[in-house]
Amino acid sequence: MNLTPKEIVKYLDKYVISQKEAKKTIALALRTRYRRMQLSPELQDEIMPKNILMIGSTGVGKTEISRRLAKMMKVPFIKVEASKYTEVGFVGRDVESMIRDLVINSISIVKAEKEEENKEKMENYIINKIVEKLLPPLPDSASESKKDDYQRLLIVMEKRVINGEMDDKIIELEFDKIQVEFNDTNLPPEMAKVQESFSKIFETMNKEDNKKEVTVKDAKSILKLEASNKLLDMTNINTQALIRAQNGGIIFLDEIDKIAISAKSQGRNDPSKEGVQRDLLPIVEGSSVTTKYGVINTDHILFIAAGAFHLTKPSDLIPELQGRFPLRVELESLTEETLYKILTQTENSLLKQYEALLSVEGLKLVFEDEAIRAIANLAFKANEITEDIGARRLHTVLEKILEDISFNADEHSGEEFIIDAKLVHDKLDMVVDDDDLSRYIL
């Protein structure tokens with residue numbers, strides 16, 4: 001987490017083209033969180049996160065910026081759509097469930113880290129279990145010489161299991177018949193406790209072990225879960241996860257414009273929209289939410305809201321909620337040049353993905369620069385003629401160009417296929433020029 005704002009922006013540049021202001025704002029927000037954690041506890045409590053409102057059309061990089069950041073920082077992160085929540089009293093998900101989702105995400109991150117820390121112990125547990133099945137222990141009455149021979153055999157067998165030489169051997173494993181895990185984050189804590197009770201009832205009904213014959217290779221995967229449950233302290237993991245979610249969690253609240261009510265809307269068709277905004281207020285401002293793993297305070301969770309705001313404006317949100325998002329960033333629409341850079345300069349760009357996918361069939365795909373320029377030009381035109389869906393238009397355009405090549409790829413194994421500007425224009429010019437066609441096809 002100790003990255004400077006410049007380092008954060010540099011990382012984001014690999015995956016998101018342009019949008020400098022948005023990257024800068026988010027980089028500063030994350031750095032501020034790191035700075036806060038270095039202060040005394042008294043000061044830490046006083047410094048609140050500066051929540052961000054990102055305004056921009058679909059496909060310009062709002063979600064990608066947040067997703068990449070969370071991956072880089074290894075912090076608890078969830079993306080939720082504001083439109084799927086409803087006011088208390090209506091059927092649907094309540095806003096507190098997003099906090100419970102964040103806690104579950106945090107637990108999975110901490111658990112993965114602990115598994116990595118205890119990797120050697122877990123591997124030893126798995127190997128020992130498998131070796132025990134392949135070489136059953138000697139009785140206590142066995143002679144010393146037999147015990148010595150057995151120890152030598154154990155060492156040899158361990159090496160063979162580790163090297164994969166025994167992967168095809170069949171062994172008998174014992175594991176529970178039913179494994180019930182209740183993780184419905186939409187339920188209130190009282191109902192979650194009822195579910196936990198049901199879970200315990202299933203466990204008591206499930207004392208009888210289920211024996212099944214599996215290969216050693218499959219046993220390695222099956223025993224990984226058992227090793228994790230036996231060697232890791234889940235109580236400690238849950239406690240750490242709660243603290244991490246509380247101090248470093250990020251919630252990306254997409255489609256926030258869908259719960260805004262336009263001043264022009266006379267009917268105010270959906271009264272629950274304003275209710276959702278009011279339900280969000282205490283969560284965003286800071287409150288305590290009860291989860292099945294403990295109580296979490298939302299004061300220092302960073303909320304990044306995003307929306308296109310085509311039919312509404314940020315000012316159509318209720319004033320109290322507007323005030324909870326003091327940092328505003330407007331993302332730029334994508335130009336033809338930006339689309340070209342997205343295809344050529346991003347890490348694991350769409351072109352690289354298609355080249356890698358078709359290489360599986362032994363087909364070498366080569367994109368000429370003029371063809372890439374033509375793809376960017378036609379995607380830009382399609383965005384202008386129909387709805388502007390930003391970089392997502394590139395997926396549609398490329399799929400249309402490569403459809404026949406991809407379908408017949410197995411017939412051209414070992415060949416090189418060059419995508420030139422002529423092929424791009426032949427495939428798409430007529431579609432882009434015809435308004436009706438482009439609306440249906442692109």
# chains A, B, ... in the order shown; residues from 1 in each chain; ligands from 1
>>> residues_around(residues="Glu117 (chain A)", least_positions_apart="5", cutoff="12 Å", atoms="only C-alpha atoms", output="ChimeraX atom specification")
/A:110-112,122-123,228,231-232
>>> select_by_dssp(residues="region 314-345 of chain A", states="alpha helix (DSSP H)", output="compact mmCIF listing (two decimals) with all heavy atoms, in the first residue's frame")
# COMPACT_ATOMS: atom_id res chain seq x y z
N PRO A 319 -29.31 16.54 -1.52
CA PRO A 319 -28.15 17.35 -1.10
C PRO A 319 -27.24 16.67 -0.09
O PRO A 319 -26.02 16.78 -0.17
CB PRO A 319 -28.81 18.61 -0.50
CG PRO A 319 -30.15 18.68 -1.12
CD PRO A 319 -30.58 17.27 -1.37
N GLU A 320 -27.86 15.94 0.86
CA GLU A 320 -27.04 15.28 1.89
C GLU A 320 -26.09 14.27 1.28
O GLU A 320 -24.93 14.16 1.70
CB GLU A 320 -27.93 14.58 2.93
CG GLU A 320 -28.89 15.50 3.66
CD GLU A 320 -30.25 15.57 3.02
OE1 GLU A 320 -30.35 15.55 1.77
OE2 GLU A 320 -31.23 15.63 3.77
N LEU A 321 -26.56 13.52 0.26
CA LEU A 321 -25.70 12.52 -0.38
C LEU A 321 -24.64 13.19 -1.24
O LEU A 321 -23.50 12.72 -1.28
CB LEU A 321 -26.55 11.56 -1.22
CG LEU A 321 -25.82 10.30 -1.73
CD1 LEU A 321 -25.32 9.46 -0.57
CD2 LEU A 321 -26.73 9.46 -2.61
N GLN A 322 -25.01 14.28 -1.91
CA GLN A 322 -24.00 15.02 -2.70
C GLN A 322 -22.84 15.44 -1.81
O GLN A 322 -21.67 15.37 -2.21
CB GLN A 322 -24.64 16.28 -3.30
CG GLN A 322 -25.62 16.03 -4.43
CD GLN A 322 -26.18 17.34 -4.94
OE1 GLN A 322 -25.43 18.25 -5.25
NE2 GLN A 322 -27.50 17.43 -5.02
N GLY A 323 -23.18 15.88 -0.60
CA GLY A 323 -22.14 16.34 0.33
C GLY A 323 -21.20 15.26 0.79
O GLY A 323 -20.08 15.54 1.24
N GLU A 336 -10.87 9.12 -31.29
CA GLU A 336 -10.34 8.08 -32.18
C GLU A 336 -8.91 7.72 -31.80
O GLU A 336 -8.53 6.54 -31.78
CB GLU A 336 -10.39 8.60 -33.63
CG GLU A 336 -10.01 7.57 -34.66
CD GLU A 336 -10.07 8.13 -36.08
OE1 GLU A 336 -10.97 8.95 -36.36
OE2 GLU A 336 -9.22 7.74 -36.90
N GLU A 337 -8.11 8.73 -31.46
CA GLU A 337 -6.72 8.50 -31.07
C GLU A 337 -6.64 7.70 -29.78
O GLU A 337 -5.79 6.81 -29.63
CB GLU A 337 -5.99 9.86 -30.91
CG GLU A 337 -4.51 9.76 -30.62
CD GLU A 337 -3.70 9.06 -31.70
OE1 GLU A 337 -4.11 9.06 -32.89
OE2 GLU A 337 -2.64 8.48 -31.36
N THR A 338 -7.54 8.00 -28.85
CA THR A 338 -7.56 7.26 -27.57
C THR A 338 -7.89 5.79 -27.81
O THR A 338 -7.28 4.90 -27.22
CB THR A 338 -8.59 7.88 -26.60
OG1 THR A 338 -8.38 9.28 -26.51
CG2 THR A 338 -8.48 7.28 -25.22
N LEU A 339 -8.87 5.54 -28.68
CA LEU A 339 -9.24 4.15 -29.01
C LEU A 339 -8.06 3.41 -29.64
O LEU A 339 -7.83 2.23 -29.35
CB LEU A 339 -10.45 4.13 -29.94
CG LEU A 339 -11.79 4.56 -29.33
CD1 LEU A 339 -12.83 4.76 -30.41
CD2 LEU A 339 -12.28 3.55 -28.30
N TYR A 340 -7.30 4.11 -30.47
CA TYR A 340 -6.11 3.51 -31.10
C TYR A 340 -5.08 3.14 -30.02
O TYR A 340 -4.50 2.05 -30.04
CB TYR A 340 -5.50 4.49 -32.11
CG TYR A 340 -4.16 4.05 -32.66
CD1 TYR A 340 -4.07 3.05 -33.63
CD2 TYR A 340 -2.98 4.62 -32.19
CE1 TYR A 340 -2.84 2.64 -34.13
CE2 TYR A 340 -1.74 4.21 -32.68
CZ TYR A 340 -1.67 3.22 -33.65
OH TYR A 340 -0.46 2.81 -34.13
N LYS A 341 -4.89 4.04 -29.06
CA LYS A 341 -3.91 3.79 -27.98
C LYS A 341 -4.38 2.64 -27.08
O LYS A 341 -3.57 1.87 -26.58
CB LYS A 341 -3.71 5.05 -27.15
CG LYS A 341 -2.88 6.12 -27.87
CD LYS A 341 -2.73 7.36 -27.00
CE LYS A 341 -1.90 8.42 -27.71
NZ LYS A 341 -1.84 9.68 -26.93
N ILE A 342 -5.69 2.55 -26.88
CA ILE A 342 -6.24 1.44 -26.06
C ILE A 342 -5.90 0.10 -26.72
O ILE A 342 -5.57 -0.88 -26.04
CB ILE A 342 -7.77 1.60 -25.88
CG1 ILE A 342 -8.06 2.76 -24.92
CG2 ILE A 342 -8.41 0.32 -25.36
CD1 ILE A 342 -9.51 3.19 -24.87
N LEU A 343 -5.95 0.07 -28.05
CA LEU A 343 -5.65 -1.18 -28.78
C LEU A 343 -4.16 -1.50 -28.82
O LEU A 343 -3.77 -2.66 -28.93
CB LEU A 343 -6.18 -1.07 -30.22
CG LEU A 343 -7.70 -1.15 -30.40
CD1 LEU A 343 -8.08 -0.80 -31.83
CD2 LEU A 343 -8.23 -2.52 -30.03
N THR A 344 -3.32 -0.47 -28.74
CA THR A 344 -1.88 -0.70 -28.97
C THR A 344 -1.00 -0.53 -27.73
O THR A 344 0.07 -1.12 -27.66
CB THR A 344 -1.35 0.28 -30.05
OG1 THR A 344 -1.67 1.63 -29.66
CG2 THR A 344 -1.98 -0.02 -31.40
N GLN A 345 -1.45 0.24 -26.74
CA GLN A 345 -0.54 0.58 -25.64
C GLN A 345 -0.90 -0.04 -24.30
O GLN A 345 -0.08 -0.03 -23.38
CB GLN A 345 -0.48 2.12 -25.48
CG GLN A 345 0.17 2.81 -26.67
CD GLN A 345 0.25 4.32 -26.49
OE1 GLN A 345 0.08 4.84 -25.38
NE2 GLN A 345 0.51 5.05 -27.56
>>> residues_around(residues="Lys50 (chain A)", least_positions_apart="5", cutoff="7 Å", atoms="only C-alpha atoms", output="PyMOL selection string")
chain A and resi 29+325-327
>>> select_by_dssp(residues="region 232-422 of chain A", states="strand (DSSP E)", output="PyMOL selection string")
chain A and resi 250-254+288-291+294-297+302-307+327-330+364-367+416-419
>>> closest_residue(among="A:Glu416, A:Glu132, A:Glu172, A:Asp167", to="Ile155 (chain A)", atoms="only C-alpha atoms")
A:Glu132
>>> atom_distance(atom1="CA of Ile127 (chain A)", atom2="CA of Thr215 (chain A)")
13.4 Å
>>> closest_residue(among="A:Ser40, A:Ala376, A:Leu242, A:Tyr34", to="His425 (chain A)", atoms="only C-alpha atoms")
A:Ala376
>>> atom_distance(atom1="CA of Ile171 (chain A)", atom2="CA of Ile130 (chain A)")
7.9 Å
>>> residues_around(residues="region 44-48 of chain A", least_positions_apart="3", cutoff="10 Å", atoms="only C-alpha atoms", output="ChimeraX atom specification")
/A:32-33,35-41,51,247,285-286,299-302
>>> write_last_selection(atoms="C-alpha atoms", output="short mmCIF file (atom, residue, chain, number, x, y, z; two decimals), in the first residue's frame")
data_model
loop_
_atom_site.label_atom_id
_atom_site.label_comp_id
_atom_site.auth_asym_id
_atom_site.auth_seq_id
_atom_site.Cartn_x
_atom_site.Cartn_y
_atom_site.Cartn_z
CA THR A 32 -4.11 9.89 1.98
CA ARG A 33 -5.29 6.57 3.45
CA ARG A 35 -0.68 8.70 5.40
CA ARG A 36 -3.58 8.41 7.83
CA MET A 37 -2.48 4.95 8.97
CA GLN A 38 0.94 6.36 9.96
CA LEU A 39 -0.58 8.88 12.41
CA SER A 40 -1.51 8.49 16.07
CA PRO A 41 -4.83 6.69 16.79
CA ASN A 51 -15.27 9.98 -1.25
CA ASN A 247 -9.60 0.76 7.42
CA GLU A 285 -21.10 8.98 6.33
CA GLY A 286 -20.16 6.35 8.88
CA ASP A 299 -16.32 5.62 8.85
CA HIS A 300 -13.08 4.96 6.96
CA ILE A 301 -14.31 2.89 4.00
CA LEU A 302 -13.64 4.72 0.73
#
>>> residues_around(residues="Lys20 (chain A)", least_positions_apart="3", cutoff="12 Å", atoms="only C-alpha atoms", output="list of chain:residue names")
A:Pro5, A:Lys6, A:Ile8, A:Val9, A:Lys10, A:Leu12, A:Asp13, A:Val16, A:Ile17, A:Lys23, A:Lys24, A:Thr25, A:Ile26, A:Ala27, A:Gly61, A:Lys62, A:Ile65, A:Val329, A:Glu330, A:Leu331, A:Glu332
>>> closest_residue(among="A:Thr290, A:Gln353, A:Ser359, A:Ser333", to="Ser18 (chain A)", atoms="only C-alpha atoms")
A:Ser333
>>> closest_residue(among="A:Asp257, A:His395, A:Lys169, A:Ser83", to="Gly56 (chain A)", atoms="only C-alpha atoms")
A:Asp257
>>> atom_distance(atom1="CA of Asp420 (chain A)", atom2="CA of Ile375 (chain A)")
10.1 Å
>>> closest_residue(among="A:Lys381, A:His412, A:Lys364, A:Lys224", to="Leu428 (chain A)", atoms="only C-alpha atoms")
A:Lys381
>>> closest_residue(among="A:Asp426, A:Asp233, A:Asp410, A:Glu174", to="Lys211 (chain A)", atoms="only C-alpha atoms")
A:Glu174
>>> decode(residues="region 363-438 of chain A", atoms="C-alpha atoms", output="PDB file, in the first residue's frame")
ATOM      1  CA  LEU A 363      -2.858 -19.579 -36.271  1.00  0.00           C
ATOM      2  CA  LYS A 364      -0.618 -16.513 -36.135  1.00  0.00           C
ATOM      3  CA  LEU A 365      -2.667 -13.316 -36.244  1.00  0.00           C
ATOM      4  CA  VAL A 366      -0.913 -10.107 -37.374  1.00  0.00           C
ATOM      5  CA  PHE A 367      -2.578  -6.675 -37.238  1.00  0.00           C
ATOM      6  CA  GLU A 368      -1.167  -4.018 -39.576  1.00  0.00           C
ATOM      7  CA  ASP A 369      -0.983  -0.511 -38.145  1.00  0.00           C
ATOM      8  CA  GLU A 370      -3.334   0.839 -40.832  1.00  0.00           C
ATOM      9  CA  ALA A 371      -5.874  -1.832 -39.891  1.00  0.00           C
ATOM     10  CA  ILE A 372      -5.684  -0.830 -36.211  1.00  0.00           C
ATOM     11  CA  ARG A 373      -6.216   2.814 -37.209  1.00  0.00           C
ATOM     12  CA  ALA A 374      -9.246   1.755 -39.286  1.00  0.00           C
ATOM     13  CA  ILE A 375     -10.678  -0.255 -36.359  1.00  0.00           C
ATOM     14  CA  ALA A 376     -10.329   2.778 -34.049  1.00  0.00           C
ATOM     15  CA  ASN A 377     -11.897   5.039 -36.693  1.00  0.00           C
ATOM     16  CA  LEU A 378     -14.897   2.760 -37.286  1.00  0.00           C
ATOM     17  CA  ALA A 379     -15.454   2.184 -33.548  1.00  0.00           C
ATOM     18  CA  PHE A 380     -15.395   5.960 -33.015  1.00  0.00           C
ATOM     19  CA  LYS A 381     -17.872   6.499 -35.870  1.00  0.00           C
ATOM     20  CA  ALA A 382     -20.199   3.798 -34.509  1.00  0.00           C
ATOM     21  CA  ASN A 383     -20.123   5.506 -31.096  1.00  0.00           C
ATOM     22  CA  GLU A 384     -21.074   8.808 -32.735  1.00  0.00           C
ATOM     23  CA  ILE A 385     -23.893   7.359 -34.862  1.00  0.00           C
ATOM     24  CA  THR A 386     -25.472   5.169 -32.166  1.00  0.00           C
ATOM     25  CA  GLU A 387     -25.135   5.151 -28.381  1.00  0.00           C
ATOM     26  CA  ASP A 388     -21.649   6.010 -27.105  1.00  0.00           C
ATOM     27  CA  ILE A 389     -20.471   2.879 -25.281  1.00  0.00           C
ATOM     28  CA  GLY A 390     -16.807   3.904 -25.240  1.00  0.00           C
ATOM     29  CA  ALA A 391     -14.082   1.264 -25.403  1.00  0.00           C
ATOM     30  CA  ARG A 392     -16.661  -1.528 -25.215  1.00  0.00           C
ATOM     31  CA  ARG A 393     -17.398  -0.822 -28.882  1.00  0.00           C
ATOM     32  CA  LEU A 394     -13.945  -2.255 -29.717  1.00  0.00           C
ATOM     33  CA  HIS A 395     -15.078  -5.695 -28.512  1.00  0.00           C
ATOM     34  CA  THR A 396     -18.033  -5.648 -30.930  1.00  0.00           C
ATOM     35  CA  VAL A 397     -16.013  -4.328 -33.860  1.00  0.00           C
ATOM     36  CA  LEU A 398     -13.161  -6.822 -33.436  1.00  0.00           C
ATOM     37  CA  GLU A 399     -15.538  -9.741 -32.983  1.00  0.00           C
ATOM     38  CA  LYS A 400     -17.268  -8.819 -36.249  1.00  0.00           C
ATOM     39  CA  ILE A 401     -13.933  -8.576 -38.131  1.00  0.00           C
ATOM     40  CA  LEU A 402     -12.529 -11.841 -36.748  1.00  0.00           C
ATOM     41  CA  GLU A 403     -15.744 -13.877 -36.749  1.00  0.00           C
ATOM     42  CA  ASP A 404     -15.016 -15.940 -39.893  1.00  0.00           C
ATOM     43  CA  ILE A 405     -11.288 -16.263 -39.145  1.00  0.00           C
ATOM     44  CA  SER A 406     -12.022 -17.513 -35.633  1.00  0.00           C
ATOM     45  CA  PHE A 407     -14.694 -19.951 -36.879  1.00  0.00           C
ATOM     46  CA  ASN A 408     -12.343 -21.565 -39.429  1.00  0.00           C
ATOM     47  CA  ALA A 409      -9.114 -21.239 -37.397  1.00  0.00           C
ATOM     48  CA  ASP A 410      -8.605 -25.011 -37.119  1.00  0.00           C
ATOM     49  CA  GLU A 411      -8.303 -25.259 -40.927  1.00  0.00           C
ATOM     50  CA  HIS A 412      -5.387 -22.785 -41.000  1.00  0.00           C
ATOM     51  CA  SER A 413      -3.107 -24.235 -38.331  1.00  0.00           C
ATOM     52  CA  GLY A 414       0.517 -23.193 -38.860  1.00  0.00           C
ATOM     53  CA  GLU A 415      -0.451 -20.259 -41.104  1.00  0.00           C
ATOM     54  CA  GLU A 416      -0.041 -16.512 -40.651  1.00  0.00           C
ATOM     55  CA  PHE A 417      -3.133 -14.359 -41.165  1.00  0.00           C
ATOM     56  CA  ILE A 418      -2.641 -10.646 -41.754  1.00  0.00           C
ATOM     57  CA  ILE A 419      -5.433  -8.233 -40.815  1.00  0.00           C
ATOM     58  CA  ASP A 420      -5.100  -5.243 -43.169  1.00  0.00           C
ATOM     59  CA  ALA A 421      -7.143  -2.075 -43.611  1.00  0.00           C
ATOM     60  CA  LYS A 422      -8.932  -3.509 -46.696  1.00  0.00           C
ATOM     61  CA  LEU A 423     -10.320  -6.452 -44.686  1.00  0.00           C
ATOM     62  CA  VAL A 424     -11.503  -4.111 -41.910  1.00  0.00           C
ATOM     63  CA  HIS A 425     -13.288  -1.802 -44.375  1.00  0.00           C
ATOM     64  CA  ASP A 426     -14.791  -4.726 -46.320  1.00  0.00           C
ATOM     65  CA  LYS A 427     -16.267  -6.152 -43.145  1.00  0.00           C
ATOM     66  CA  LEU A 428     -17.530  -2.967 -41.537  1.00  0.00           C
ATOM     67  CA  ASP A 429     -17.926   0.008 -43.897  1.00  0.00           C
ATOM     68  CA  MET A 430     -21.425  -0.948 -45.003  1.00  0.00           C
ATOM     69  CA  VAL A 431     -22.535  -1.671 -41.432  1.00  0.00           C
ATOM     70  CA  VAL A 432     -21.204   1.605 -40.001  1.00  0.00           C
ATOM     71  CA  ASP A 433     -22.612   3.715 -42.867  1.00  0.00           C
ATOM     72  CA  ASP A 434     -26.093   2.219 -42.496  1.00  0.00           C
ATOM     73  CA  ASP A 435     -27.604   3.730 -39.344  1.00  0.00           C
ATOM     74  CA  ASP A 436     -30.189   0.956 -38.867  1.00  0.00           C
ATOM     75  CA  LEU A 437     -27.659  -1.846 -39.416  1.00  0.00           C
ATOM     76  CA  SER A 438     -25.108  -0.357 -37.037  1.00  0.00           C
TER      77      SER A 438
END
